[in-house]
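What's in final-v3.txt: compact mmCIF, C-alpha atoms
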```txt
# COMPACT_ATOMS: atom_id res chain seq x y z
CA MET A 1 119.40 18.93 -139.20
CA SER A 2 116.95 21.47 -140.63
CA SER A 3 116.15 24.90 -139.25
CA THR A 4 112.56 23.84 -138.73
CA ASP A 5 113.75 21.10 -136.37
CA ASN A 6 116.00 23.53 -134.52
CA SER A 7 114.13 26.79 -134.37
CA ALA A 8 113.27 29.26 -131.66
CA GLN A 9 111.24 32.37 -131.19
CA ILE A 10 114.17 34.00 -129.36
CA ALA A 11 117.85 33.02 -129.25
CA ILE A 12 119.95 34.66 -126.55
CA ILE A 13 123.67 34.46 -127.27
CA GLY A 14 125.52 34.32 -123.95
CA GLY A 15 124.76 32.53 -120.70
CA GLY A 16 126.27 35.04 -118.30
CA VAL A 17 124.25 37.05 -115.80
CA VAL A 18 122.86 39.46 -118.42
CA GLY A 19 121.86 36.70 -120.82
CA ALA A 20 120.33 34.76 -117.93
CA ALA A 21 118.37 37.81 -116.79
CA CYS A 22 117.04 38.29 -120.32
CA ALA A 23 116.06 34.62 -120.48
CA GLU A 24 114.18 34.82 -117.19
CA ARG A 25 112.37 38.01 -118.12
CA LEU A 26 111.38 36.94 -121.62
CA SER A 27 110.32 33.45 -120.55
CA ARG A 28 107.38 35.04 -118.71
CA ASN A 29 105.63 36.03 -121.93
CA HIS A 30 107.49 34.31 -124.78
CA ASP A 31 107.57 30.61 -125.60
CA ASN A 32 110.41 28.73 -127.27
CA THR A 33 113.46 30.65 -126.07
CA LEU A 34 117.02 29.33 -126.33
CA VAL A 35 120.14 30.39 -124.44
CA LEU A 36 123.31 29.63 -126.41
CA GLU A 37 126.45 29.46 -124.26
CA ALA A 38 129.87 28.80 -125.79
CA PHE A 39 131.48 27.46 -122.60
CA ASP A 40 130.87 24.12 -120.88
CA ARG A 41 128.78 25.86 -118.22
CA CYS A 42 126.91 29.13 -117.97
CA ALA A 43 128.41 32.01 -115.97
CA GLU A 44 131.94 30.88 -116.89
CA GLY A 45 132.95 34.09 -118.67
CA VAL A 46 132.91 37.69 -117.40
CA THR A 47 130.33 36.76 -114.75
CA SER A 48 132.57 34.22 -113.01
CA ARG A 49 135.35 36.80 -112.59
CA ASN A 50 133.16 39.64 -111.40
CA SER A 51 133.89 41.31 -108.07
CA GLY A 52 130.27 40.63 -107.07
CA VAL A 53 129.58 44.21 -106.00
CA ILE A 54 126.01 45.53 -106.04
CA HIS A 55 126.58 49.17 -106.99
CA SER A 56 124.55 52.18 -105.81
CA GLY A 57 124.80 54.24 -109.01
CA LEU A 58 127.26 56.90 -107.93
CA TYR A 59 129.61 57.37 -110.86
CA TYR A 60 127.54 57.56 -114.04
CA PRO A 61 126.08 60.61 -115.83
CA PRO A 62 122.53 61.15 -114.51
CA ASP A 63 120.93 60.83 -117.96
CA SER A 64 122.83 57.66 -118.90
CA LEU A 65 121.62 54.10 -119.23
CA LYS A 66 124.29 53.09 -116.73
CA ALA A 67 122.84 55.38 -114.06
CA HIS A 68 119.19 54.55 -114.70
CA LEU A 69 119.66 50.80 -115.06
CA CYS A 70 122.03 50.54 -112.09
CA ILE A 71 119.63 52.27 -109.71
CA ARG A 72 116.58 50.42 -111.05
CA GLY A 73 118.52 47.14 -111.14
CA LEU A 74 119.78 47.47 -107.57
CA GLU A 75 116.25 47.32 -106.18
CA MET A 76 115.26 44.50 -108.52
CA LEU A 77 118.40 42.55 -107.63
CA TYR A 78 117.92 42.76 -103.86
CA GLU A 79 114.28 41.72 -104.28
CA TRP A 80 115.23 38.75 -106.48
CA CYS A 81 117.97 37.58 -104.13
CA GLN A 82 115.70 37.73 -101.09
CA LYS A 83 112.89 35.89 -102.86
CA HIS A 84 115.06 33.17 -104.41
CA GLY A 85 117.63 32.63 -101.69
CA VAL A 86 120.62 33.92 -103.65
CA PRO A 87 123.55 34.57 -101.27
CA HIS A 88 124.08 38.31 -100.86
CA ALA A 89 124.70 40.97 -98.23
CA GLN A 90 124.08 44.70 -98.00
CA THR A 91 127.51 45.67 -96.70
CA GLY A 92 127.59 49.37 -97.48
CA LYS A 93 130.53 51.12 -99.09
CA ILE A 94 132.87 53.90 -97.94
CA ILE A 95 134.53 56.17 -100.51
CA VAL A 96 137.51 57.77 -98.76
CA ALA A 97 139.00 61.16 -99.65
CA ASN A 98 142.46 62.19 -98.53
CA GLY A 99 143.23 65.90 -98.80
CA PRO A 100 141.50 69.02 -100.19
CA LEU A 101 141.45 67.98 -103.86
CA GLU A 102 139.89 64.60 -103.11
CA ASP A 103 137.48 66.22 -100.62
CA ALA A 104 136.22 68.46 -103.44
CA ALA A 105 135.96 65.51 -105.84
CA LEU A 106 133.98 63.61 -103.21
CA VAL A 107 131.48 66.48 -103.00
CA ASP A 108 131.11 66.39 -106.80
CA LEU A 109 130.58 62.61 -106.68
CA HIS A 110 127.86 63.03 -104.04
CA VAL A 111 126.08 65.66 -106.14
CA ASN A 112 126.27 63.46 -109.25
CA ALA A 113 124.90 60.47 -107.34
CA LEU A 114 121.95 62.46 -105.99
CA ARG A 115 121.14 63.76 -109.48
CA SER A 116 121.14 60.18 -110.72
CA GLY A 117 118.65 59.16 -108.03
CA ALA A 118 120.98 57.22 -105.74
CA GLU A 119 119.71 56.75 -102.20
CA GLY A 120 121.17 55.96 -98.80
CA LEU A 121 124.13 58.35 -99.07
CA THR A 122 125.73 60.07 -96.06
CA ARG A 123 128.72 62.41 -95.88
CA TRP A 124 131.18 61.50 -93.14
CA SER A 125 133.57 63.90 -91.46
CA GLN A 126 137.10 62.86 -90.64
CA ALA A 127 136.00 62.27 -87.04
CA LYS A 128 133.19 59.96 -88.13
CA LEU A 129 135.51 58.08 -90.52
CA ASN A 130 138.10 57.66 -87.76
CA SER A 131 135.46 56.35 -85.37
CA VAL A 132 134.54 53.58 -87.83
CA LEU A 133 137.96 52.88 -89.35
CA PRO A 134 140.58 54.47 -87.10
CA THR A 135 143.59 53.21 -89.06
CA ILE A 136 142.57 54.70 -92.41
CA PRO A 137 144.35 57.96 -93.37
CA GLY A 138 141.32 59.79 -94.77
CA THR A 139 140.03 63.34 -94.35
CA ALA A 140 136.39 62.74 -95.35
CA ALA A 141 134.18 59.99 -96.74
CA LEU A 142 130.90 59.22 -98.45
CA PHE A 143 128.97 56.22 -97.12
CA ALA A 144 126.66 54.40 -99.56
CA GLU A 145 124.52 52.11 -97.43
CA ARG A 146 122.73 50.40 -100.36
CA THR A 147 125.94 48.97 -101.85
CA GLY A 148 126.37 45.25 -101.30
CA ILE A 149 127.78 41.99 -102.60
CA VAL A 150 126.22 38.99 -104.33
CA ASP A 151 127.26 35.54 -105.51
CA ALA A 152 127.15 36.32 -109.23
CA THR A 153 127.31 32.67 -110.32
CA ALA A 154 124.48 31.65 -107.98
CA LEU A 155 122.43 34.60 -109.22
CA THR A 156 122.94 33.53 -112.84
CA HIS A 157 121.93 29.95 -112.15
CA SER A 158 118.83 31.05 -110.23
CA LEU A 159 117.72 33.16 -113.20
CA LEU A 160 118.34 30.32 -115.64
CA ALA A 161 116.48 27.86 -113.40
CA ALA A 162 113.44 30.15 -113.38
CA ALA A 163 113.61 30.48 -117.17
CA GLU A 164 113.98 26.73 -117.65
CA SER A 165 110.96 26.10 -115.43
CA ARG A 166 108.93 27.97 -118.07
CA GLY A 167 110.35 26.00 -120.97
CA THR A 168 113.52 27.89 -121.91
CA GLN A 169 116.29 25.62 -123.19
CA VAL A 170 119.92 26.26 -122.30
CA LEU A 171 122.48 24.88 -124.76
CA THR A 172 126.07 24.86 -123.50
CA ARG A 173 129.11 24.24 -125.70
CA CYS A 174 127.11 26.04 -128.35
CA ALA A 175 129.38 28.68 -129.87
CA VAL A 176 127.83 30.85 -132.56
CA THR A 177 130.10 31.08 -135.62
CA ALA A 178 127.91 32.87 -138.19
CA ILE A 179 124.65 34.80 -138.37
CA ALA A 180 122.71 35.42 -141.59
CA ALA A 181 119.45 37.28 -142.09
CA ALA A 182 116.72 34.97 -143.33
CA ARG A 183 113.07 35.33 -144.09
CA GLY A 184 111.32 35.99 -140.80
CA GLY A 185 114.46 35.92 -138.67
CA TYR A 186 118.06 34.75 -138.59
CA GLU A 187 119.99 31.59 -139.40
CA LEU A 188 122.70 30.90 -136.82
CA GLU A 189 125.57 28.53 -137.45
CA THR A 190 126.70 27.02 -134.17
CA SER A 191 129.04 24.33 -132.92
CA ARG A 192 125.91 22.23 -132.28
CA GLY A 193 124.45 22.73 -135.72
CA PRO A 194 122.24 25.36 -137.41
CA ILE A 195 119.52 27.17 -135.47
CA PHE A 196 116.81 29.47 -136.82
CA ALA A 197 115.54 32.24 -134.55
CA ARG A 198 113.01 34.98 -135.18
CA VAL A 199 114.77 37.23 -132.66
CA VAL A 200 118.45 37.26 -131.68
CA ILE A 201 119.69 38.93 -128.50
CA ASN A 202 123.44 39.43 -128.39
CA ALA A 203 124.53 39.20 -124.74
CA ALA A 204 127.95 37.75 -125.52
CA GLY A 205 130.02 39.95 -123.19
CA LEU A 206 133.63 40.13 -124.36
CA ALA A 207 132.58 38.66 -127.72
CA SER A 208 129.58 40.97 -128.22
CA ASP A 209 131.37 43.07 -130.86
CA GLU A 210 132.32 39.91 -132.76
CA VAL A 211 128.76 38.60 -132.64
CA ALA A 212 127.45 41.95 -133.89
CA ARG A 213 129.90 41.78 -136.82
CA MET A 214 128.66 38.28 -137.66
CA ALA A 215 125.24 39.85 -138.15
CA GLY A 216 126.65 42.64 -140.33
CA ILE A 217 126.87 45.37 -137.65
CA ASP A 218 130.43 46.69 -137.71
CA ARG A 219 130.20 49.83 -135.56
CA TYR A 220 131.28 48.35 -132.22
CA ARG A 221 134.68 47.45 -130.85
CA ILE A 222 135.40 45.96 -127.46
CA TYR A 223 138.68 46.96 -125.83
CA PRO A 224 139.57 44.28 -123.25
CA CYS A 225 140.62 45.81 -119.94
CA ARG A 226 142.14 43.46 -117.41
CA GLY A 227 141.73 43.76 -113.67
CA ASP A 228 143.69 41.67 -111.17
CA TYR A 229 142.86 40.87 -107.54
CA PHE A 230 144.96 40.07 -104.50
CA ARG A 231 143.72 38.61 -101.23
CA LEU A 232 144.61 40.63 -98.16
CA LYS A 233 145.32 38.04 -95.47
CA GLY A 234 144.48 38.71 -91.85
CA ALA A 235 142.29 41.76 -92.59
CA HIS A 236 138.68 42.36 -91.57
CA PHE A 237 136.52 45.29 -92.62
CA PRO A 238 132.81 45.97 -92.01
CA HIS A 239 132.27 47.70 -95.37
CA LEU A 240 133.67 47.91 -98.89
CA ILE A 241 136.29 50.67 -99.07
CA TYR A 242 137.07 52.68 -102.21
CA PRO A 243 139.34 55.63 -102.99
CA VAL A 244 137.99 58.68 -104.79
CA LYS A 245 138.03 57.86 -108.49
CA THR A 246 140.86 59.52 -110.40
CA LYS A 247 139.46 61.68 -113.18
CA GLY A 248 139.88 60.00 -116.56
CA SER A 249 140.84 56.62 -115.11
CA PRO A 250 139.29 53.54 -116.79
CA GLY A 251 138.69 52.00 -113.34
CA LEU A 252 137.70 52.99 -109.83
CA GLY A 253 141.16 52.45 -108.39
CA VAL A 254 142.38 49.54 -106.26
CA HIS A 255 139.79 49.09 -103.52
CA VAL A 256 138.60 46.68 -100.85
CA THR A 257 135.95 44.15 -101.82
CA LEU A 258 134.51 41.56 -99.49
CA GLY A 259 133.54 37.97 -100.09
CA LEU A 260 130.40 36.48 -98.60
CA ASP A 261 132.75 34.23 -96.59
CA GLY A 262 134.54 37.26 -95.12
CA THR A 263 137.46 37.14 -97.55
CA VAL A 264 139.07 40.54 -98.17
CA ARG A 265 140.36 41.28 -101.67
CA LEU A 266 142.17 44.24 -103.18
CA GLY A 267 141.34 45.16 -106.76
CA PRO A 268 140.69 45.25 -109.50
CA ASP A 269 143.17 47.52 -111.16
CA ALA A 270 142.64 48.50 -114.81
CA GLU A 271 145.06 47.58 -117.60
CA TYR A 272 144.20 47.55 -121.29
CA VAL A 273 145.38 44.31 -122.90
CA ASP A 274 145.42 42.79 -126.37
CA GLN A 275 143.77 39.47 -125.57
CA LYS A 276 140.27 38.82 -124.30
CA ASP A 277 141.09 35.38 -122.93
CA ASP A 278 144.42 35.77 -121.14
CA PHE A 279 143.69 35.03 -117.48
CA SER A 280 147.22 33.97 -116.55
CA PRO A 281 148.33 34.90 -113.00
CA ARG A 282 150.18 38.19 -112.44
CA PRO A 283 151.66 37.89 -108.92
CA GLU A 284 154.38 40.37 -109.93
CA LYS A 285 151.80 43.14 -109.47
CA ALA A 286 151.96 42.70 -105.67
CA ALA A 287 154.22 45.70 -105.03
CA ALA A 288 152.00 48.03 -107.07
CA PHE A 289 148.93 46.77 -105.21
CA GLN A 290 150.67 47.27 -101.87
CA LYS A 291 151.46 50.89 -102.78
CA ALA A 292 147.89 51.63 -103.91
CA ALA A 293 146.35 49.89 -100.90
CA GLU A 294 148.57 51.69 -98.40
CA LYS A 295 147.43 55.06 -99.75
CA LEU A 296 143.86 53.97 -98.98
CA LEU A 297 144.27 51.81 -95.85
CA GLY A 298 147.57 52.63 -94.20
CA PRO A 299 150.60 50.32 -93.78
CA ILE A 300 150.27 46.82 -95.30
CA ALA A 301 152.90 44.08 -95.18
CA LEU A 302 153.76 42.75 -98.62
CA GLU A 303 153.67 39.17 -97.33
CA ASN A 304 149.99 39.63 -96.52
CA LEU A 305 149.16 39.96 -100.22
CA GLU A 306 148.36 36.76 -102.07
CA TYR A 307 147.46 36.68 -105.76
CA ASP A 308 143.82 35.69 -106.32
CA GLN A 309 142.58 35.97 -109.92
CA CYS A 310 141.81 38.39 -112.73
CA GLY A 311 138.88 39.40 -114.89
CA VAL A 312 138.61 41.21 -118.21
CA ARG A 313 136.09 44.01 -118.73
CA PRO A 314 134.37 44.39 -122.13
CA LYS A 315 134.95 48.13 -122.49
CA LEU A 316 133.73 50.27 -125.37
CA ARG A 317 136.04 53.03 -124.17
CA GLY A 318 139.42 52.74 -125.85
CA PRO A 319 142.77 53.48 -124.20
CA MET A 320 142.89 56.99 -125.71
CA ASP A 321 139.24 57.92 -125.12
CA PRO A 322 138.87 60.74 -122.58
CA GLN A 323 135.73 59.38 -120.90
CA GLU A 324 133.57 56.30 -120.47
CA TRP A 325 130.97 55.15 -122.98
CA ASP A 326 127.45 54.25 -122.01
CA PHE A 327 125.94 50.79 -122.43
CA VAL A 328 124.78 49.92 -125.95
CA ILE A 329 121.33 48.35 -125.77
CA CYS A 330 119.51 48.70 -129.06
CA ALA A 331 117.78 46.97 -131.97
CA ASP A 332 120.29 47.51 -134.78
CA ARG A 333 118.05 45.59 -137.15
CA PRO A 334 114.52 44.22 -136.81
CA GLY A 335 114.78 41.22 -134.52
CA LEU A 336 118.44 41.84 -133.62
CA ILE A 337 119.16 43.40 -130.22
CA ASN A 338 122.79 44.09 -129.38
CA LEU A 339 123.98 44.47 -125.79
CA VAL A 340 127.55 45.73 -126.12
CA GLY A 341 129.97 47.14 -123.57
CA ILE A 342 128.04 45.71 -120.63
CA GLU A 343 130.75 46.12 -118.02
CA SER A 344 130.28 47.50 -114.51
CA PRO A 345 127.57 48.11 -113.35
CA GLY A 346 126.25 45.33 -115.59
CA LEU A 347 125.82 42.82 -112.77
CA THR A 348 123.80 45.26 -110.69
CA ALA A 349 121.82 46.39 -113.73
CA SER A 350 121.21 42.92 -115.18
CA LEU A 351 117.53 42.59 -114.31
CA ALA A 352 116.82 46.15 -115.38
CA ILE A 353 118.66 45.52 -118.65
CA ALA A 354 116.39 42.53 -119.23
CA GLU A 355 113.36 44.70 -118.50
CA LEU A 356 114.54 47.20 -121.14
CA VAL A 357 115.18 44.44 -123.67
CA GLU A 358 111.60 43.25 -123.21
CA LYS A 359 110.35 46.79 -123.90
CA ILE A 360 112.48 47.00 -127.06
CA LEU A 361 110.98 43.73 -128.27
```
Written as structure tokens, how would this file's structure read?
Amino acid sequence: MSSTDNSAQIAIIGGGVVGAACAERLSRNHDNTLVLEAFDRCAEGVTSRNSGVIHSGLYYPPDSLKAHLCIRGLEMLYEWCQKHGVPHAQTGKIIVANGPLEDAALVDLHVNALRSGAEGLTRWSQAKLNSVLPTIPGTAALFAERTGIVDATALTHSLLAAAESRGTQVLTRCAVTAIAAARGGYELETSRGPIFARVVINAAGLASDEVARMAGIDRYRIYPCRGDYFRLKGAHFPHLIYPVKTKGSPGLGVHVTLGLDGTVRLGPDAEYVDQKDDFSPRPEKAAAFQKAAEKLLGPIALENLEYDQCGVRPKLRGPMDPQEWDFVICADRPGLINLVGIESPGLTASLAIAELVEKIL
């Protein structure tokens, strides 16, 4: 099987939502694009275990890629979902403060969000919060009306379908095992044989640091950070509900996310782990989730918590790092674009990330 028989203009490594968004965007103006997915089906990795939240761009430094791409991506994502019938809902999100310190942190969050360009934000007094959610023990809140939820798997498949309609090929069970620079591009060794590509886009999620090292770029390290979810039985909420983020925390704190079917989930928490592929159940976390959720929502019966699933974030921030890292989206070598550390808000930003990748090309 020669490279001339198995060649592409562009090879995208990773068939999650970011890889799919890149495929859709690039298929508009580039012929002969391949998507190489290691799993049996696309969207089986980080994407399948995503909370499905469409973020408003509240938390990220105003001059960061995360802020810019989240806010740009939010608008692009809603437009795509409406046009292509991808299940989604603009639910809105309430960030709840409880006490003077959290009230002050909420003000700082609001200021940061406005500087980043976030829209649809409203400060709520305790009276307003109590009128909407009378059982929640909060003293103030910030309402983000543009926040929503989306079926991340359906979104990914809609993007891939659009790309395939323009000639893009999607190869599943196609794990990349080696990358070597070659004249005019790169030789990829894969589980389905060798492939030559003039351009390689590394959108491999949790494996993005490993793929970069295959190509000789050894400056990135992914620190897997696990987040578990519990279903909250018998609960109904009109909006997503979050606590004020604890300064320095690697996550946003245990919060309420909603499914498109009305399911209420608590999570994710944030726990650095050694393995990228350990998704074993952790029902023993129930008591810790109950404690965190009661601080946010009020009394919760332990028997109403039912373990759901977990995901693993591909974080560039290590356990001892004092603050978050920005996305890495860059051409480390001619024809080699690495997308590393694409965690939250990667789903929201996915179409904007693809737009940036096209500009880099």
Output as CSV one row per residue of region 71-160 of chain A within 12 Å of region 45-62 of chain A: the closest atom pair and its distance in Å to one decimal place, counting only C-alpha atoms, sorted by chain and residue number ascending.
```
residue,atom,partner,partner_atom,distance
A:Ile71,CA,A:Gly57,CA,5.6
A:Arg72,CA,A:Gly57,CA,9.3
A:Gly73,CA,A:Ile54,CA,9.2
A:Leu74,CA,A:Ile54,CA,6.7
A:Glu75,CA,A:Ser56,CA,9.6
A:Met76,CA,A:Ile54,CA,11.1
A:Leu77,CA,A:Ile54,CA,8.3
A:Tyr78,CA,A:Ile54,CA,8.8
A:Cys81,CA,A:Ile54,CA,11.5
A:Pro87,CA,A:Gly52,CA,10.7
A:His88,CA,A:Gly52,CA,9.1
A:Ala89,CA,A:Ile54,CA,9.1
A:Gln90,CA,A:Ile54,CA,8.3
A:Thr91,CA,A:Ile54,CA,9.5
A:Gly92,CA,A:Ser56,CA,9.3
A:Lys93,CA,A:His55,CA,9.0
A:Ile94,CA,A:Ser56,CA,11.6
A:Ile95,CA,A:Leu58,CA,10.4
A:Ala105,CA,A:Tyr59,CA,11.5
A:Leu106,CA,A:Leu58,CA,10.6
A:Val107,CA,A:Leu58,CA,11.6
A:Asp108,CA,A:Tyr59,CA,10.0
A:Leu109,CA,A:Leu58,CA,6.7
A:His110,CA,A:Leu58,CA,7.3
A:Val111,CA,A:Leu58,CA,9.0
A:Asn112,CA,A:Leu58,CA,6.8
A:Ala113,CA,A:Leu58,CA,4.3
A:Leu114,CA,A:Leu58,CA,7.9
A:Arg115,CA,A:Pro62,CA,5.8
A:Ser116,CA,A:Pro62,CA,4.2
A:Gly117,CA,A:Pro62,CA,7.8
A:Ala118,CA,A:Gly57,CA,5.8
A:Glu119,CA,A:Ser56,CA,7.6
A:Gly120,CA,A:Ser56,CA,8.7
A:Leu121,CA,A:Ser56,CA,9.1
A:Leu142,CA,A:Leu58,CA,10.4
A:Phe143,CA,A:Ser56,CA,10.6
A:Ala144,CA,A:Ser56,CA,7.0
A:Glu145,CA,A:Ser56,CA,8.4
A:Arg146,CA,A:Ser56,CA,6.0
A:Thr147,CA,A:His55,CA,5.2
A:Gly148,CA,A:Ile54,CA,4.8
A:Ile149,CA,A:Val53,CA,4.4
A:Val150,CA,A:Gly52,CA,5.2
A:Asp151,CA,A:Gly52,CA,6.1
A:Ala152,CA,A:Gly52,CA,5.7
A:Thr153,CA,A:Ser48,CA,6.1
A:Ala154,CA,A:Ser48,CA,9.9
A:Leu155,CA,A:Thr47,CA,9.9
A:Thr156,CA,A:Thr47,CA,8.3
A:His157,CA,A:Thr47,CA,11.1
```
Nearby residues, (148.0, 42.3, -112.5) file frame, 6 Å, all atoms listed in the file, as a ChimeraX atom specification
/A:228,282,285
May I have the protein, DNA and RNA residues with any atom at most 10 Å from the point (145.0, 44.9, -116.0), counting all atoms listed in the file, written as a PyMOL selection string?
chain A and resi 224-229+251+267-273+282+285+310-313
Give me the residues near Leu129 (chain A) as a compact mmCIF listing (two decimals) with C-alpha atoms, keeping the file's coordinate frame, where near means some atom within 8 Å (using all atoms listed in the file) and where sequence neighbours in that chain fewer than 4 positions away do not count.
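Contents of around.txt, as written:
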```txt
# COMPACT_ATOMS: atom_id res chain seq x y z
CA TRP A 124 131.18 61.50 -93.14
CA SER A 125 133.57 63.90 -91.46
CA LEU A 133 137.96 52.88 -89.35
CA PRO A 134 140.58 54.47 -87.10
CA GLY A 138 141.32 59.79 -94.77
CA THR A 139 140.03 63.34 -94.35
CA ALA A 140 136.39 62.74 -95.35
CA ALA A 141 134.18 59.99 -96.74
```
Compile the contact shell of region 263-265 of chain A as a PyMOL selection string: residues with an atom at most 6 Å away, counting only C-alpha atoms, same-chain residues fewer than 3 positions apart removed.
chain A and resi 230-232+256-259
Just checking: using all atoms listed in the file, which residue out of A:Glu189, A:Phe289, A:Pro137, A:Ala38 ends up closest to Gly99 (chain A)?
A:Pro137
Selection near Gln9 (chain A), 12 Å with only C-alpha atoms, sequence-local residues under 3 positions removed, as a ChimeraX atom specification
/A:4,6,12,23,26-27,29-35,168-169,184-186,195-201,335,361
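Distances to Ala178 (chain A) were evaluated for A:Pro100, A:Pro194, A:Pro345, A:Pro322 using all atoms listed in the file, and the minimum falls at A:Pro194.
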Mind pulling up the distance from CA of Gly205 (chain A) to CA of Asp274 (chain A)?
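Going from CA of Asp274 (chain A) over to CA of Gly205 (chain A) covers 16.0 Å.
Remark: for Ile179 (chain A), the closest of the candidate residues A:Glu210, A:Glu164, A:Asp63, A:Asp103 is A:Glu210 (distances computed over all atoms listed in the file).
For the pair CA of Glu294 (chain A) and CA of Pro250 (chain A), the separation is 20.7 Å.
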Might you pull out every residue within 10 Å of Gln323 (chain A), with only C-alpha atoms counted and same-chain residues fewer than 6 positions away left off, and present them as an MDAnalysis selection string?
chainID A and resid 247:250 317
Missing atoms in region 279-294 of chain A should be modelled up to N, CA, C and O atoms and reported as a CSV table (one decimal), in the coordinates of the input.
```csv
chain,number,residue,atom,x,y,z
A,279,PHE,N,144.0,34.9,-118.9
A,279,PHE,CA,143.7,35.0,-117.5
A,279,PHE,C,144.9,34.5,-116.7
A,279,PHE,O,144.7,34.0,-115.5
A,280,SER,N,146.1,34.5,-117.2
A,280,SER,CA,147.2,34.0,-116.6
A,280,SER,C,147.5,34.8,-115.3
A,280,SER,O,147.3,36.0,-115.3
A,281,PRO,N,148.1,34.2,-114.3
A,281,PRO,CA,148.3,34.9,-113.0
A,281,PRO,C,149.4,36.0,-113.2
A,281,PRO,O,150.3,35.9,-114.0
A,282,ARG,N,149.2,37.1,-112.4
A,282,ARG,CA,150.2,38.2,-112.4
A,282,ARG,C,150.6,38.5,-111.0
A,282,ARG,O,150.4,39.7,-110.5
A,283,PRO,N,151.2,37.6,-110.3
A,283,PRO,CA,151.7,37.9,-108.9
A,283,PRO,C,152.7,39.0,-108.8
A,283,PRO,O,152.9,39.6,-107.8
A,284,GLU,N,153.4,39.3,-109.9
A,284,GLU,CA,154.4,40.4,-109.9
A,284,GLU,C,153.8,41.8,-109.7
A,284,GLU,O,154.5,42.7,-109.5
A,285,LYS,N,152.5,41.9,-109.7
A,285,LYS,CA,151.8,43.1,-109.5
A,285,LYS,C,151.7,43.4,-108.0
A,285,LYS,O,151.2,44.5,-107.6
A,286,ALA,N,152.2,42.6,-107.1
A,286,ALA,CA,152.0,42.7,-105.7
A,286,ALA,C,152.5,44.0,-105.1
A,286,ALA,O,151.8,44.7,-104.3
A,287,ALA,N,153.7,44.5,-105.6
A,287,ALA,CA,154.2,45.7,-105.0
A,287,ALA,C,153.4,46.9,-105.4
A,287,ALA,O,153.2,47.8,-104.6
A,288,ALA,N,152.9,46.9,-106.6
A,288,ALA,CA,152.0,48.0,-107.1
A,288,ALA,C,150.7,48.0,-106.3
A,288,ALA,O,150.2,49.1,-105.9
A,289,PHE,N,150.2,46.9,-106.0
A,289,PHE,CA,148.9,46.8,-105.2
A,289,PHE,C,149.2,47.2,-103.8
A,289,PHE,O,148.4,47.9,-103.2
A,290,GLN,N,150.3,46.8,-103.2
A,290,GLN,CA,150.7,47.3,-101.9
A,290,GLN,C,150.7,48.8,-101.8
A,290,GLN,O,150.1,49.4,-100.9
A,291,LYS,N,151.3,49.4,-102.8
A,291,LYS,CA,151.5,50.9,-102.8
A,291,LYS,C,150.1,51.6,-102.9
A,291,LYS,O,149.8,52.5,-102.1
A,292,ALA,N,149.2,51.1,-103.8
A,292,ALA,CA,147.9,51.6,-103.9
A,292,ALA,C,147.1,51.4,-102.7
A,292,ALA,O,146.3,52.3,-102.2
A,293,ALA,N,147.2,50.2,-102.1
A,293,ALA,CA,146.4,49.9,-100.9
A,293,ALA,C,146.8,50.7,-99.7
A,293,ALA,O,146.0,51.1,-98.9
A,294,GLU,N,148.1,50.9,-99.6
A,294,GLU,CA,148.6,51.7,-98.4
A,294,GLU,C,148.1,53.1,-98.5
A,294,GLU,O,147.8,53.8,-97.4
```
